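**Student:** See coords21.cif below, with mmCIF, C-alpha atoms.
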data_model
#
loop_
_atom_site.group_PDB
_atom_site.id
_atom_site.type_symbol
_atom_site.label_atom_id
_atom_site.label_comp_id
_atom_site.auth_asym_id
_atom_site.auth_seq_id
_atom_site.Cartn_x
_atom_site.Cartn_y
_atom_site.Cartn_z
ATOM 1 C CA VAL R 1 14.553 18.701 4.166
ATOM 2 C CA VAL R 2 12.409 19.674 1.186
ATOM 3 C CA GLY R 3 12.919 17.069 -1.524
ATOM 4 C CA ASP R 4 13.887 14.217 0.803
ATOM 5 C CA SER R 5 12.463 11.097 -0.810
ATOM 6 C CA TYR R 6 11.946 7.536 0.370
ATOM 7 C CA HIS R 7 11.001 4.274 -1.310
ATOM 8 C CA ALA R 8 9.220 1.403 0.433
ATOM 9 C CA LYS R 9 8.422 -2.069 -0.790
ATOM 10 C CA ILE R 10 6.354 -4.688 0.991
ATOM 11 C CA GLY R 11 5.157 -8.022 -0.322
ATOM 12 C CA GLY R 12 3.940 -11.481 0.476
ATOM 13 C CA VAL R 13 1.237 -13.984 -0.456
ATOM 14 C CA LEU R 14 -2.537 -13.628 -0.632
ATOM 15 C CA ASN R 15 -5.577 -15.815 -1.123
ATOM 16 C CA ALA R 16 -8.666 -14.087 -2.475
ATOM 17 C CA THR R 17 -11.337 -16.720 -2.865
ATOM 18 C CA GLY R 18 -14.339 -14.611 -3.755
ATOM 19 C CA GLY R 19 -16.360 -16.937 -1.539
ATOM 20 C CA GLY R 20 -19.255 -16.909 -3.998
ATOM 21 C CA SER R 21 -19.239 -13.112 -3.940
ATOM 22 C CA ARG R 22 -16.137 -10.924 -3.975
ATOM 23 C CA SER R 23 -13.051 -10.150 -1.930
ATOM 24 C CA GLU R 24 -12.294 -6.482 -1.202
ATOM 25 C CA LEU R 25 -9.157 -4.847 0.213
ATOM 26 C CA ILE R 26 -8.142 -1.439 1.536
ATOM 27 C CA VAL R 27 -4.473 -0.395 1.758
ATOM 28 C CA ASN R 28 -3.795 2.479 4.191
ATOM 29 C CA ILE R 29 -0.483 4.281 4.576
ATOM 30 C CA LYS R 30 -0.250 6.289 7.811
ATOM 31 C CA ALA R 31 2.187 8.358 9.831
ATOM 32 C CA GLY R 32 0.695 8.366 13.314
ATOM 33 C CA ALA R 33 -2.952 9.416 13.002
ATOM 34 C CA THR R 34 -2.397 11.015 9.568
ATOM 35 C CA THR R 35 -3.430 8.967 6.545
ATOM 36 C CA LEU R 36 -0.779 9.732 3.926
ATOM 37 C CA ALA R 37 -2.553 7.751 1.201
ATOM 38 C CA SER R 38 -5.193 5.066 0.803
ATOM 39 C CA THR R 39 -6.407 2.895 -2.037
ATOM 40 C CA GLY R 40 -9.956 3.068 -0.811
ATOM 41 C CA ILE R 41 -11.936 -0.129 -1.295
ATOM 42 C CA PHE R 42 -11.112 -2.194 -4.361
ATOM 43 C CA ASP R 43 -12.199 -5.635 -5.597
ATOM 44 C CA LEU R 44 -9.795 -8.521 -6.073
ATOM 45 C CA ASP R 45 -10.146 -11.178 -8.716
ATOM 46 C CA ASN R 46 -9.654 -14.745 -7.495
ATOM 47 C CA ALA R 47 -6.058 -15.371 -6.517
ATOM 48 C CA ALA R 48 -5.031 -18.627 -4.833
ATOM 49 C CA ASN R 49 -1.671 -18.527 -3.051
ATOM 50 C CA ARG R 50 -0.439 -15.670 -5.270
ATOM 51 C CA GLY R 51 2.280 -13.117 -4.709
ATOM 52 C CA TRP R 52 1.445 -9.473 -4.001
ATOM 53 C CA GLU R 53 3.551 -6.354 -3.721
ATOM 54 C CA CYS R 54 3.022 -2.759 -2.654
ATOM 55 C CA GLU R 55 5.563 -0.124 -3.694
ATOM 56 C CA LEU R 56 5.496 3.385 -2.247
ATOM 57 C CA ASP R 57 7.346 6.620 -2.895
ATOM 58 C CA PHE R 58 7.307 9.538 -0.472
ATOM 59 C CA THR R 59 8.653 13.060 -1.069
ATOM 60 C CA ILE R 60 8.739 15.904 1.447
ATOM 61 C CA ALA R 61 7.267 18.928 -0.358
ATOM 62 C CA THR R 62 7.349 21.483 2.504
ATOM 63 C CA ILE R 63 8.719 21.338 6.046
ATOM 64 C CA GLY R 64 7.545 22.474 9.457
ATOM 65 C CA ALA R 65 4.698 21.645 11.826
ATOM 66 C CA THR R 66 2.337 21.949 8.830
ATOM 67 C CA GLY R 67 4.678 20.504 6.211
ATOM 68 C CA SER R 68 3.459 18.370 3.330
ATOM 69 C CA ILE R 69 4.335 14.993 1.893
ATOM 70 C CA CYS R 70 3.435 13.475 -1.466
ATOM 71 C CA THR R 71 2.815 9.728 -1.489
ATOM 72 C CA ASN R 72 2.524 7.583 -4.613
ATOM 73 C CA GLY R 73 1.877 3.873 -4.449
ATOM 74 C CA ASN R 74 0.722 0.765 -6.199
ATOM 75 C CA PHE R 75 -0.652 -2.530 -4.977
ATOM 76 C CA ALA R 76 -0.196 -5.379 -7.436
ATOM 77 C CA TYR R 77 -0.967 -9.095 -7.415
ATOM 78 C CA VAL R 78 -1.214 -11.965 -9.889
ATOM 79 C CA LYS R 79 -4.754 -13.214 -10.387
ATOM 80 C CA ASP R 80 -5.726 -16.814 -11.177
ATOM 81 C CA GLY R 81 -6.185 -18.074 -14.700
ATOM 82 C CA ASP R 82 -4.311 -15.654 -16.904
ATOM 83 C CA ARG R 83 -1.279 -14.834 -14.717
ATOM 84 C CA LYS R 84 -1.704 -11.126 -15.458
ATOM 85 C CA VAL R 85 -0.759 -8.551 -12.868
ATOM 86 C CA SER R 86 -3.745 -6.637 -11.503
ATOM 87 C CA GLY R 87 -4.001 -4.015 -8.831
ATOM 88 C CA TYR R 88 -4.519 -0.410 -7.912
ATOM 89 C CA ILE R 89 -2.450 2.795 -8.179
ATOM 90 C CA PHE R 90 -2.962 5.630 -5.692
ATOM 91 C CA GLN R 91 -1.556 9.080 -4.840
ATOM 92 C CA ASP R 92 -2.163 11.807 -2.272
ATOM 93 C CA VAL R 93 -0.607 14.919 -0.713
ATOM 94 C CA GLN R 94 -1.116 15.392 3.025
ATOM 95 C CA THR R 95 -0.014 17.655 5.859
ATOM 96 C CA ILE R 96 2.701 16.177 8.067
ATOM 97 C CA ASP R 97 4.690 17.561 10.998
ATOM 98 C CA THR R 98 8.317 17.269 9.881
ATOM 99 C CA THR R 99 9.616 18.698 13.184
ATOM 100 C CA ILE R 100 8.935 15.411 15.006
ATOM 101 C CA SER R 101 9.746 11.743 14.477
ATOM 102 C CA ASN R 102 7.067 9.954 12.471
ATOM 103 C CA THR R 103 6.293 6.251 12.428
ATOM 104 C CA LEU R 104 5.177 4.657 9.171
ATOM 105 C CA ASP R 105 2.236 2.269 9.478
ATOM 106 C CA ILE R 106 1.041 0.257 6.477
ATOM 107 C CA THR R 107 -2.102 -1.838 6.760
ATOM 108 C CA VAL R 108 -3.825 -4.090 4.274
ATOM 109 C CA GLU R 109 -7.327 -4.799 5.500
ATOM 110 C CA TRP R 110 -10.231 -6.855 4.204
ATOM 111 C CA ASN R 111 -13.396 -4.854 3.574
ATOM 112 C CA VAL R 112 -15.278 -7.990 2.488
ATOM 113 C CA LEU R 113 -13.718 -11.119 3.972
ATOM 114 C CA ASN R 114 -14.680 -14.589 2.797
ATOM 115 C CA GLY R 115 -13.733 -17.972 4.194
ATOM 116 C CA GLY R 116 -10.327 -18.804 2.726
ATOM 117 C CA ASP R 117 -9.270 -15.156 2.235
ATOM 118 C CA ASP R 118 -5.960 -14.285 3.831
ATOM 119 C CA ILE R 119 -2.925 -12.109 3.249
ATOM 120 C CA TYR R 120 0.473 -11.829 4.866
ATOM 121 C CA SER R 121 3.660 -9.889 4.287
ATOM 122 C CA ALA R 122 6.969 -11.687 4.036
ATOM 123 C CA ASN R 123 9.255 -8.665 3.777
ATOM 124 C CA PHE R 124 9.444 -4.883 4.057
ATOM 125 C CA VAL R 125 12.200 -2.539 2.899
ATOM 126 C CA LEU R 126 12.357 1.252 3.361
ATOM 127 C CA PHE R 127 15.254 3.368 2.130
ATOM 128 C CA LYS R 128 16.070 6.995 1.485
ATOM 129 C CA THR R 129 16.485 7.697 -2.235
ATOM 130 C CA TYR R 130 17.390 11.375 -2.150
#
Show me, as structure tokens, the structure contained in the file I just sent.
**Tutor:**
Amino acid sequence: VVGDSYHAKIGGVLNATGGGSRSELIVNIKAGATTLASTGIFDLDNAANRGWECELDFTIATIGATGSICTNGNFAYVKDGDRKVSGYIFQDVQTIDTTISNTLDITVEWNVLNGGDDIYSANFVLFKTY
């Protein structure tokens, strides 16, 4: 239905060591083969055993085989040293087939991976808000 909205939250712990260079991530939000939104490549400051969180909001704008969905999101983490939250905010509108079931797939991938870099998710929650 037009206006149906969902909220998702995923989080865990990451280690971004920099490895003498830099650590880079990409967050992709997909429904099947369709990329709903992506952060693109972004650099991480050093973060040793720090919490991270990705929050997402989805709203169905139009329905049908060529419907559309608006996705807003943010990826946040606490960097070493100053305990400030850093991250990336992203948004996109994409075509989606609302006449079929869709599976949400969220990936966080290293673009530049250094020894000691790792990330894992500890929880995921998705709920309908409207």
**Student:** Mind listing whatever residues come within 7 Å of the point (-13.7, -13.1, -8.1)? Use only C-alpha atoms, file coordinates, and give them as a PyMOL selection string.
**Tutor:** chain R and resi 17-18+21-23+44-46
**Student:** Please write as a CSV table (one decimal) with C-alpha atoms, in the coordinates of the input the full residue list that the PyMOL selection byres ((chain R and resi 95-112) around 6) yields on this file.
**Tutor:**
chain,number,residue,atom,x,y,z
R,23,SER,CA,-13.1,-10.2,-1.9
R,24,GLU,CA,-12.3,-6.5,-1.2
R,25,LEU,CA,-9.2,-4.8,0.2
R,26,ILE,CA,-8.1,-1.4,1.5
R,27,VAL,CA,-4.5,-0.4,1.8
R,28,ASN,CA,-3.8,2.5,4.2
R,29,ILE,CA,-0.5,4.3,4.6
R,30,LYS,CA,-0.2,6.3,7.8
R,31,ALA,CA,2.2,8.4,9.8
R,63,ILE,CA,8.7,21.3,6.0
R,64,GLY,CA,7.5,22.5,9.5
R,65,ALA,CA,4.7,21.6,11.8
R,66,THR,CA,2.3,21.9,8.8
R,67,GLY,CA,4.7,20.5,6.2
R,68,SER,CA,3.5,18.4,3.3
R,94,GLN,CA,-1.1,15.4,3.0
R,113,LEU,CA,-13.7,-11.1,4.0
**Student:** For each of R:Ala47, R:Ile10, R:Val125, R:Ala37, take the minimum atom-to-atom distance to R:Ser86, counting all atoms listed in the file, then give the residue where this is smallest.
**Tutor:** R:Ala47
**Student:** For R:His7, please output as an NGL selection string all residues within 8 Å (counting all atoms listed in the file; exclusion window: fewer than 6 positions along the same chain).
**Tutor:** :R and (55-58 or 126-129)
**Student:** Since we have the selection now, will you write its residues out, keeping C-alpha atoms, as an mmCIF file, keeping the file's coordinate frame?
**Tutor:**
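Done, and the output landed in again_37.cif:
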data_model
loop_
_atom_site.group_PDB
_atom_site.id
_atom_site.type_symbol
_atom_site.label_atom_id
_atom_site.label_comp_id
_atom_site.auth_asym_id
_atom_site.auth_seq_id
_atom_site.Cartn_x
_atom_site.Cartn_y
_atom_site.Cartn_z
ATOM 1 C CA GLU R 55 5.563 -0.124 -3.694
ATOM 2 C CA LEU R 56 5.496 3.385 -2.247
ATOM 3 C CA ASP R 57 7.346 6.620 -2.895
ATOM 4 C CA PHE R 58 7.307 9.538 -0.472
ATOM 5 C CA LEU R 126 12.357 1.252 3.361
ATOM 6 C CA PHE R 127 15.254 3.368 2.130
ATOM 7 C CA LYS R 128 16.070 6.995 1.485
ATOM 8 C CA THR R 129 16.485 7.697 -2.235
#
**Student:** Between R:Asp80, R:Thr39, R:Ile89, R:Ser5, single out the one closest to R:Ala61, counting only C-alpha atoms.
**Tutor:**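 When distances to R:Ala61 are compared using only C-alpha atoms, the smallest one comes from R:Ser5.
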**Student:** Where's the centre, and what are the edge lengths in Å to one decimal, of a box along x, y and z enclosing all listed atoms of stretch 77-90 of chain R padded 3 Å per side, as JSON?
**Tutor:**
{"center_x": -3.5, "center_y": -6.2, "center_z": -11.3, "size_x": 11.4, "size_y": 29.7, "size_z": 17.2}
**Student:** To one decimal in Å, tell me the separation between atom CA of R:Ala33 and atom CA of R:Asn15.
**Tutor:**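 Distance reported for this atom pair: 29.0 Å.
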**Student:** Between atom CA of R:Val78 and atom CA of R:Ala8, what is the distance, to one decimal in Å?
**Tutor:**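 Between atom CA of R:Val78 and atom CA of R:Ala8 the gap works out to 19.9 Å.
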**Student:** Rounded to one decimal in Å, what is the spacing between atom CA of R:Val1 and atom CA of R:Val93?
**Tutor:**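 So the answer is 16.4 Å.
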**Student:** Which of these, R:Thr71, R:Asp4, R:Gly40, R:Gly51, has the shortest distance to R:Ser121 once you count only C-alpha atoms?
**Tutor:**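 Counting only C-alpha atoms, the residue closest to R:Ser121 is R:Gly51.
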**Student:** List the neighbours of R:Glu53 out to 6 Å using only C-alpha atoms; skip same-chain residues closer than 2 positions along the sequence, and give me the result as a VMD selection string.
**Tutor:** chain R and resid 10 to 11 75 to 76
**Student:** Using only C-alpha atoms, can you tell me which of R:Arg50, R:Thr59, R:Arg83, R:Asp43 comes closest to R:Val2?
**Tutor:** R:Thr59
**Student:** Using only C-alpha atoms for the distances, tell me which of R:Tyr77, R:Tyr130, R:Tyr6, R:Phe90 is nearest to R:Ala48.
**Tutor:** R:Tyr77
**Student:** List the spatial neighbours of R:Leu14 as an MDAnalysis selection string - criterion: any atom at most 6 Å away, all atoms listed in the file, same-chain residues fewer than 3 positions off excluded.
**Tutor:** chainID R and resid 49:50 118:119
**Student:** Quick one: write out the picked residues with C-alpha atoms as a JSON list (two decimals), keeping the file's coordinate frame?
**Tutor:**
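Produced file out_36.json, reproduced below:
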[["chain", "number", "residue", "atom", "x", "y", "z"],
["R", 49, "ASN", "CA", -1.67, -18.53, -3.05],
["R", 50, "ARG", "CA", -0.44, -15.67, -5.27],
["R", 118, "ASP", "CA", -5.96, -14.28, 3.83],
["R", 119, "ILE", "CA", -2.92, -12.11, 3.25]]
**Student:** So which one's closest to R:Leu36, R:Gly115, R:Gly81, R:Gly87, R:Gly73? Using only C-alpha atoms, please.
**Tutor:** R:Gly73
